[in-house]
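Engineer: Provided herewith is a single structure, encoded as structure tokens, for subsequent inquiry.
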2 protein chains.
Amino acid sequence: MQNVMSKFSDKTIIDSWQKNATAWTVAVRDNQIETRTQVTNQAIVDAVISVGPKTVLDIGCGEGWLARELCSRNISVVGLDVVPELIARAHESCSGQFQVMSYEQIAEGGVKGTFDVVVCNFSLLGKESVEGIFKVVPTLLNQNGYFIVQTVHPAFSCEGHVYKDGWREGSWQGFSSDFTDPAPWYFRTIESWLALFRQNGLELVEMREPVHTKTGEAASLIMMGCRSVRT
Amino acid sequence: MQNVMSKFSDKTIIDSWQKNATAWTVAVRDNQIETRTQVTNQAIVDAVISVGPKTVLDIGCGEGWLARELCSRNISVVGLDVVPELIARAHESCSGQFQVMSYEQIAEGGVKGTFDVVVCNFSLLGKESVEGIFKVVPTLLNQNGYFIVQTVHPAFSCEGHVYKDGWREGSWQGFSSDFTDPAPWYFRTIESWLALFRQNGLELVEMREPVHTKTGEAASLIMMGCRSVRT
């Protein structure tokens, strides 16, 4: 029972990324991840750019791909990740500011200042850790700031599971043999994602569902929220 | 070309419902539509009830099933449909007020008064006619009123099509042989539905995705919007 329980936890996700940091950096920089290079990379850049930010907080920035894209467009970027190796790679490759910080530290107020955009690009993978990020994000947004989340599209990633929230086994299928110990992830329905926005005082103002021409399906779901003005 | 064009139009939808009004009334009242009796009927009643309305405007009310459910809970219902036979059946079966009115007439201000809820239960099938309804709905809602729409879940109804807006062929598959000339319908992605809410001054405050236990998939998408207070 202990094994079953610990297999699915936010901590297991971090353990996996610690182990795969090097392989991940290679995969991203060699453009090995087809849906990213074909669809979702451009989609998240377009979404962020569309709201015209001067400052962006990139939570779960990884090796810094998105930060580099935004810095090259003269946007000031702060990138956070819990994995020291990924932060080191990001720091070497980009003029943004990078810092090792866990989602728990962020949720506890570890970030000072506010931003035009807070972005999470495929970086909201856990359960409690994600809820903690949603709680703190409204305090990290400027008055008209946006919280922009890109995630796997829930309705197109059921893979035989019942469509409801819950932990899912990870997989490195399609990745090189350098990857090991795939991280579990916490599946959320669209209903649940929207509820997370609402419960934390965020209004969902736009969704984007970039379609992969190869499959004809949405390759991801991008949600764009603002601080709600509803009382 | 003329035939191809006219096959897919809001007018064709109405023609089909005129022809199938009798068969539809039988199908609903004999509980022949499995996803409705198993999932989506209860889901739309729950959604409407959840916001505690005293008055409901049921646009595209058909033979009056939802109106009867709401009337039996002491809610005052006005039901509108373009098909005279369906309005006659609704009127016979329910204490609500029913009136023959096209979506175009509704869009042009044909409805007087405002309501706690405006509901469309699988009744937003067309293109321009639906856009017209969205334009007028904010003027039909009380201050804290809700616009509640139940529709097929876009991501679970692709059926081999590319996930993008467009006309789709109709089908009476699974229905009795009394049905004829299935109506085409205009497919919208979730992104497009949300944009319709936003563009018409409506804030999407809740989504529901009732799951069919038989398939494990969402049987429908319910969207609940309020008049936006964002300026």
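The way I read the labels, and the way they are meant: chains A, B, ... in the order of the structure tokens, residue 1 as the first residue of every chain, and ligand 1 as the first ligand shown, with later ones counted on from there.
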Could you please select, counting only C-alpha atoms, the residues of chain A within 10 Å of chain B and state them as a PDB file with C-alpha atoms, in the first residue's frame?

Structural biologist:
ATOM      1  CA  HIS A 153      -5.955  18.770 -23.575  1.00  0.00           C
ATOM      2  CA  PRO A 154      -7.992  16.783 -21.055  1.00  0.00           C
ATOM      3  CA  ALA A 155     -10.581  15.528 -23.512  1.00  0.00           C
ATOM      4  CA  PHE A 156      -7.926  14.384 -25.986  1.00  0.00           C
ATOM      5  CA  CYS A 158      -8.134  10.156 -21.818  1.00  0.00           C
ATOM      6  CA  GLY A 160      -8.945   4.666 -22.148  1.00  0.00           C
ATOM      7  CA  HIS A 161      -9.412   6.198 -18.701  1.00  0.00           C
ATOM      8  CA  VAL A 162     -12.747   7.422 -17.414  1.00  0.00           C
ATOM      9  CA  TYR A 163     -12.961  11.192 -17.862  1.00  0.00           C
ATOM     10  CA  LYS A 164     -12.449  12.282 -14.257  1.00  0.00           C
ATOM     11  CA  THR A 189     -11.060  17.638 -16.512  1.00  0.00           C
ATOM     12  CA  ILE A 190     -11.800  20.987 -18.186  1.00  0.00           C
ATOM     13  CA  GLU A 191     -14.549  21.457 -15.602  1.00  0.00           C
ATOM     14  CA  SER A 192     -11.948  21.080 -12.843  1.00  0.00           C
ATOM     15  CA  TRP A 193      -9.434  23.429 -14.452  1.00  0.00           C
ATOM     16  CA  LEU A 194     -12.107  26.120 -14.764  1.00  0.00           C
ATOM     17  CA  ALA A 195     -13.133  25.552 -11.135  1.00  0.00           C
ATOM     18  CA  PHE A 197      -9.430  29.417 -11.830  1.00  0.00           C
ATOM     19  CA  ARG A 198     -12.767  30.506 -10.342  1.00  0.00           C
ATOM     20  CA  LEU A 202      -9.490  34.220 -11.580  1.00  0.00           C
ATOM     21  CA  GLU A 203     -11.825  34.748 -14.526  1.00  0.00           C
ATOM     22  CA  LEU A 204     -11.229  32.562 -17.566  1.00  0.00           C
ATOM     23  CA  VAL A 205     -11.257  34.999 -20.458  1.00  0.00           C
ATOM     24  CA  GLU A 206      -9.908  32.880 -23.284  1.00  0.00           C
ATOM     25  CA  MET A 207      -9.202  29.275 -24.183  1.00  0.00           C
ATOM     26  CA  ARG A 208      -7.120  28.129 -27.109  1.00  0.00           C
ATOM     27  CA  GLU A 209      -7.059  24.607 -28.501  1.00  0.00           C
ATOM     28  CA  PRO A 210      -4.212  24.446 -31.025  1.00  0.00           C
ATOM     29  CA  VAL A 211      -4.853  21.655 -33.494  1.00  0.00           C
ATOM     30  CA  HIS A 212      -2.169  19.289 -34.733  1.00  0.00           C
ATOM     31  CA  THR A 213      -2.554  18.968 -38.496  1.00  0.00           C
ATOM     32  CA  LYS A 214      -1.295  15.383 -38.297  1.00  0.00           C
ATOM     33  CA  THR A 215      -4.007  14.129 -35.940  1.00  0.00           C
ATOM     34  CA  GLY A 216      -6.744  16.720 -36.486  1.00  0.00           C
ATOM     35  CA  GLU A 217      -7.092  16.833 -32.691  1.00  0.00           C
ATOM     36  CA  ALA A 218      -6.274  19.610 -30.255  1.00  0.00           C
ATOM     37  CA  LEU A 221      -5.379  23.381 -24.047  1.00  0.00           C
ATOM     38  CA  ILE A 222      -4.308  26.940 -23.272  1.00  0.00           C
ATOM     39  CA  MET A 223      -6.281  28.767 -20.577  1.00  0.00           C
ATOM     40  CA  SER A 228     -11.873  38.490 -11.396  1.00  0.00           C
ATOM     41  CA  VAL A 229     -13.588  41.805 -10.813  1.00  0.00           C
ATOM     42  CA  ARG A 230     -16.762  40.011  -9.724  1.00  0.00           C
ATOM     43  CA  THR A 231     -17.440  40.440  -6.005  1.00  0.00           C
TER      44      THR A 231
END

Engineer: Give me every helix (DSSP H, G or I) residue in region 8-193 of chain A, going by DSSP on the backbone, as an MDAnalysis selection string.

Structural biologist: chainID A and resid 10:29 34:50 65:71 84:93 103:107 128:140 154:156 190:193

Engineer: Pick from A:Phe8, A:Trp65, A:Glu169, A:Gln99: nearest to Thr37 (chain A), with only C-alpha atoms counted?

Structural biologist: A:Trp65

Engineer: What lies within 8 Å of region 22-34 of chain B using only C-alpha atoms, ignoring chain neighbours under 4 positions off, as a compact mmCIF listing (two decimals) with C-alpha atoms, in the first residue's frame?

Structural biologist:
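Generated file (selection01.txt):
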# COMPACT_ATOMS: atom_id res chain seq x y z
CA GLN B 38 -29.09 8.30 -18.34
CA GLU B 63 -42.08 19.55 -26.77
CA TRP B 65 -39.62 18.28 -21.31
CA GLU B 85 -46.41 21.50 -33.39
CA LEU B 86 -43.79 21.32 -30.64
CA ARG B 89 -47.39 19.71 -27.41
CA PHE B 175 -33.55 6.80 -33.52
CA ASP B 178 -40.15 7.51 -38.05
CA PHE B 179 -37.38 10.12 -38.28

Engineer: List every residue of region 9-164 of chain A that DSSP, applied to the backbone of this structure, places in strand (DSSP E or B), and write the result as JSON, numbers by chain.

Structural biologist: {"A": [55, 56, 57, 58, 59, 76, 77, 78, 79, 80, 81, 97, 98, 99, 100, 115, 116, 117, 118, 119, 120, 121, 141, 142, 143, 144, 145, 146, 147, 148, 149, 150, 151]}

Engineer: Between CA of Pro184 (chain B) and CA of Asp15 (chain B), what is the spacing in Å?

Structural biologist: 10.5 Å

Engineer: CA of Gly79 (chain A) and CA of Leu196 (chain A) are how many Å apart?

Structural biologist: 22.7 Å

Engineer: At a cut-off of 9 Å, using only C-alpha atoms, what residues contact Leu124 (chain A)? Leave out same-chain residues fewer than 4 positions from it and give the result as a CSV table (one decimal) with N, CA, C and O atoms, in the first residue's frame.

Structural biologist:
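Contents of result38.csv, as written:
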chain,number,residue,atom,x,y,z
A,59,ILE,N,6.7,29.9,-14.3
A,59,ILE,CA,6.8,28.9,-13.2
A,59,ILE,C,6.9,27.5,-13.8
A,59,ILE,O,6.1,27.1,-14.6
A,60,GLY,N,8.0,26.8,-13.4
A,60,GLY,CA,8.3,25.5,-13.9
A,60,GLY,C,9.0,25.7,-15.3
A,60,GLY,O,8.6,25.1,-16.2
A,120,CYS,N,2.6,29.1,-17.1
A,120,CYS,CA,2.9,27.7,-16.7
A,120,CYS,C,2.8,26.9,-18.0
A,120,CYS,O,1.7,26.6,-18.4
A,129,SER,N,0.5,20.6,-5.2
A,129,SER,CA,1.4,21.7,-5.6
A,129,SER,C,0.8,22.6,-6.6
A,129,SER,O,1.0,23.9,-6.6
A,130,VAL,N,-0.1,22.1,-7.5
A,130,VAL,CA,-0.8,23.0,-8.4
A,130,VAL,C,-1.8,23.8,-7.7
A,130,VAL,O,-2.0,25.0,-8.0
A,133,ILE,N,-0.1,26.7,-6.3
A,133,ILE,CA,0.2,27.8,-7.3
A,133,ILE,C,-1.0,28.6,-7.6
A,133,ILE,O,-0.9,29.9,-7.7
A,149,VAL,N,-1.9,29.2,-18.8
A,149,VAL,CA,-1.6,27.8,-18.6
A,149,VAL,C,-1.7,27.0,-19.8
A,149,VAL,O,-2.8,27.0,-20.4
A,150,GLN,N,-0.6,26.3,-20.2
A,150,GLN,CA,-0.8,25.3,-21.3
A,150,GLN,C,-0.6,24.0,-20.7
A,150,GLN,O,0.2,23.7,-19.9
A,151,THR,N,-1.6,23.1,-21.0
A,151,THR,CA,-1.5,21.7,-20.5
A,151,THR,C,-2.0,20.7,-21.6
A,151,THR,O,-2.5,21.2,-22.7
A,185,TRP,N,1.3,11.9,-13.2
A,185,TRP,CA,0.7,13.3,-13.3
A,185,TRP,C,-0.8,13.2,-12.9
A,185,TRP,O,-1.4,12.2,-12.9
A,186,TYR,N,-1.2,14.4,-12.4
A,186,TYR,CA,-2.6,14.4,-11.9
A,186,TYR,C,-3.5,15.0,-13.0
A,186,TYR,O,-3.4,16.1,-13.4

Engineer: What does the distance from CA of Phe122 (chain A) to CA of Phe187 (chain B) come to in Å, to one decimal?

Structural biologist: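 Taking CA of Phe122 (chain A) and CA of Phe187 (chain B), their separation equals 27.7 Å.
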
Engineer: Rank B:Ile13, B:Met101, B:Ala183, B:Val78 by their smallest atom-to-atom distance to Thr55 (chain B), using only C-alpha atoms, and report the top residue only.

Structural biologist: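 With only C-alpha atoms as the atom set, the closest residue is B:Val78.
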